[in-house]
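K.L.:
Below you will find the structure I want to go over with you.
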Amino acid sequence: MRTITATRYVTPLREGGSLPAVVEADDDGMYVMKFRGAGQGAKALVAEVIAGELARLLGLPVPEIVLADLDPDLARTEPDPEIQDLIRASGGLNVALDYLPGSMNFDPLVDRPDPLLTSSIVWFDAFVANVDRTPRNTNLLTWHRALYLIDHGAALYFHHDWTGAAQAAASPFKCIADHVLLPLATRLREADAALAARIGDGDIERIVAQVPDAWLTGEPAFADVAAHRRAYVDHFRARLRARDAFVEEAIRAHGDL
């Protein structure tokens, strides 16, 4: 995962609850930055990195994810006090996604993606426990006629209460019934066989290792950052072994439509 430095705050994206923003970086690229100092905190950034890079491993369409170094002095040029506070509270590493200019929100009434792709996205969202891809908030974009997955900050809900992580690993994830793509997910068993085979123990470790130490400090459930990091690896290994629970739940929910 690359690290870029934010050089200019361009504009806020106020449709996002955590006030993400378009920023310019030292590589002349434009990115959508998610701020560590936002109300959702560092856990949302951890979810963005782990879920987003798992999606990439599975061959799902996600914009490039980068670590974004932010100098809090950028706040001096911003007239909005709320944005000033957000920048000052987010000094250091944040997360950013490649900006897709001209992209449009996915419309489930108009867009009809391939059934294997939709089934794969449903499988992935159940795997990472993403509660936030519903008709109300699809977190899907269409860009150059292709579908892209964005905004995984609400995934990995188990890490908000580590005492229930073991139970969450075997959860059927009943929230999948609200998934915007579930009506089109007609090839779930095929997606399960293909996607599960792509995830190895080494892949999980590699992805979790990309989370900065600073985002994992101060968690009272763990003695140190290494133990905290290991807990994510252990969770996803267990989740993969227990995937029949969420696959069968998704198939059942699809049949109930």
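Just remember, in the structure tokens the first chain shown is A, the second B, etc., residues are 1-based per chain, and ligands are 1-based in the order shown.
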Running DSSP on the backbone, which parts of segment 11-244 of chain A land in helix (DSSP H, G or I), as a ChimeraX atom specification?

P.N.:
/A:41-57,72-77,81-88,115-127,157-160,162-169,174-178,182-184,188-196,201-209,213-215,225-241,243-244

K.L.:
I'd like the neighbourhood of segment 191-208 of chain A as a ChimeraX atom specification, where a residue qualifies if any of its atoms comes within 7 Å (using only C-alpha atoms), though same-chain residues fewer than 6 positions away should be ignored.

P.N.:
/A:50,53,58,116,119-120,123,229,233,237

K.L.:
Kindly indicate which residue among A:Leu117, A:Ala250, A:Ala214, A:Val66 lies nearest to Gly52 of chain A, using only C-alpha atoms for the distances.

P.N.:
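Ranked by minimum distance to Gly52 of chain A, first place goes to A:Val66.
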
K.L.:
Looking at only C-alpha atoms, which of A:Ala170, A:Ala231, A:Cys175, A:Ile150 is the one that sits closest to Val131 of chain A?

P.N.:
A:Cys175

K.L.:
Which one of A:Leu19, A:Lys34, A:Asp224, A:Met1 sits closest to Ala209 of chain A if you count only C-alpha atoms?

P.N.:
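Looking at the shortest contact to Ala209 of chain A, the residue is A:Met1.
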
K.L.:
Just how far from atom CA of Pro115 of chain A is atom CA of Ala185 of chain A, in Å to one decimal?

P.N.:
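Computing the Euclidean distance for atom CA of Ala185 of chain A and atom CA of Pro115 of chain A yields 5.6 Å.
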
K.L.:
Quote the spacing between atom CA of Phe222 of chain A and atom CA of Ala245 of chain A in Å to one decimal place.

P.N.:
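Distance reported for this atom pair: 27.7 Å.
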
K.L.:
Considering only C-alpha atoms, return as a list in words whatever protein or nucleic-acid residues lie within 12 Å of Asp28 of chain A, sequence-local ones (same chain, fewer than 3 positions apart) excluded.

P.N.:
Ile4, Thr5, Ala6, Thr7, Arg8, Val23, Glu24, Ala25, Tyr31, Asp98 and Tyr99 of chain A

K.L.:
Print the selection's residues with C-alpha atoms to a file, as a JSON list (two decimals), in the first residue's frame.

P.N.:
```json
[["chain", "number", "residue", "atom", "x", "y", "z"],
["A", 4, "ILE", "CA", 0.99, 9.84, -0.11],
["A", 5, "THR", "CA", 1.11, 13.28, 1.51],
["A", 6, "ALA", "CA", -1.94, 15.53, 1.33],
["A", 7, "THR", "CA", -0.94, 18.95, -0.01],
["A", 8, "ARG", "CA", -4.31, 20.67, -0.42],
["A", 23, "VAL", "CA", -7.73, 16.29, -1.31],
["A", 24, "GLU", "CA", -4.79, 16.80, -3.63],
["A", 25, "ALA", "CA", -1.57, 14.91, -2.92],
["A", 31, "TYR", "CA", -8.16, 11.32, -3.41],
["A", 98, "ASP", "CA", -8.50, 7.22, -5.50],
["A", 99, "TYR", "CA", -11.00, 9.88, -6.57]]
```

K.L.:
Which of these residues is nearest to Val46 of chain A, using only C-alpha atoms: A:Val247, A:Ala253, A:Leu240, A:Leu67?

P.N.:
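For Val46 of chain A, the nearest of the given residues is A:Leu67.
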
K.L.:
Just to confirm, what's the straight-line distance from atom CA of Met33 of chain A to atom CA of Arg133 of chain A in Å (one decimal)?

P.N.:
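These two atoms are separated by 19.6 Å.
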
K.L.:
If you count only C-alpha atoms, which residues fall within 12 Å of Pro113 of chain A, apart from same-chain ones fewer than 5 positions away, as an NGL selection string?

P.N.:
:A and (106-108 or 118-121 or 140-142 or 145-148 or 180-186)

K.L.:
For the selection just defined, write its residues with C-alpha atoms to a file, as a PDB file, in the first residue's frame.

P.N.:
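To be explicit, this is the file written out as part_23.pdb:
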```
ATOM      1  CA  PHE A 106     -25.356   3.085  -8.251  1.00  0.00           C
ATOM      2  CA  ASP A 107     -29.082   2.972  -9.001  1.00  0.00           C
ATOM      3  CA  PRO A 108     -30.581  -0.456  -8.233  1.00  0.00           C
ATOM      4  CA  THR A 118     -23.368  -9.230  -7.403  1.00  0.00           C
ATOM      5  CA  SER A 119     -23.211 -12.624  -5.683  1.00  0.00           C
ATOM      6  CA  SER A 120     -19.511 -12.068  -4.980  1.00  0.00           C
ATOM      7  CA  ILE A 121     -20.177  -8.650  -3.450  1.00  0.00           C
ATOM      8  CA  LEU A 140     -21.516   1.689  -4.820  1.00  0.00           C
ATOM      9  CA  LEU A 141     -20.418   3.908  -7.690  1.00  0.00           C
ATOM     10  CA  THR A 142     -20.560   3.466 -11.435  1.00  0.00           C
ATOM     11  CA  ARG A 145     -19.824   1.882 -16.893  1.00  0.00           C
ATOM     12  CA  ALA A 146     -18.099  -0.246 -14.242  1.00  0.00           C
ATOM     13  CA  LEU A 147     -19.203  -0.833 -10.662  1.00  0.00           C
ATOM     14  CA  TYR A 148     -16.934   0.196  -7.749  1.00  0.00           C
ATOM     15  CA  VAL A 180     -29.043  -3.783  -2.040  1.00  0.00           C
ATOM     16  CA  LEU A 181     -27.662  -6.459  -4.383  1.00  0.00           C
ATOM     17  CA  LEU A 182     -29.264  -9.485  -2.746  1.00  0.00           C
ATOM     18  CA  PRO A 183     -32.122  -9.685  -5.309  1.00  0.00           C
ATOM     19  CA  LEU A 184     -29.477 -10.080  -8.060  1.00  0.00           C
ATOM     20  CA  ALA A 185     -27.295 -12.551  -6.144  1.00  0.00           C
ATOM     21  CA  THR A 186     -28.377 -15.741  -7.900  1.00  0.00           C
TER      22      THR A 186
END
```

K.L.:
Go through A:Pro212, A:Gly39, A:Pro172, A:Gly29 one by one, measure the shortest atom-to-atom distance of each to Ala242 of chain A using only C-alpha atoms, and give the residue with the smallest value.

P.N.:
A:Pro172
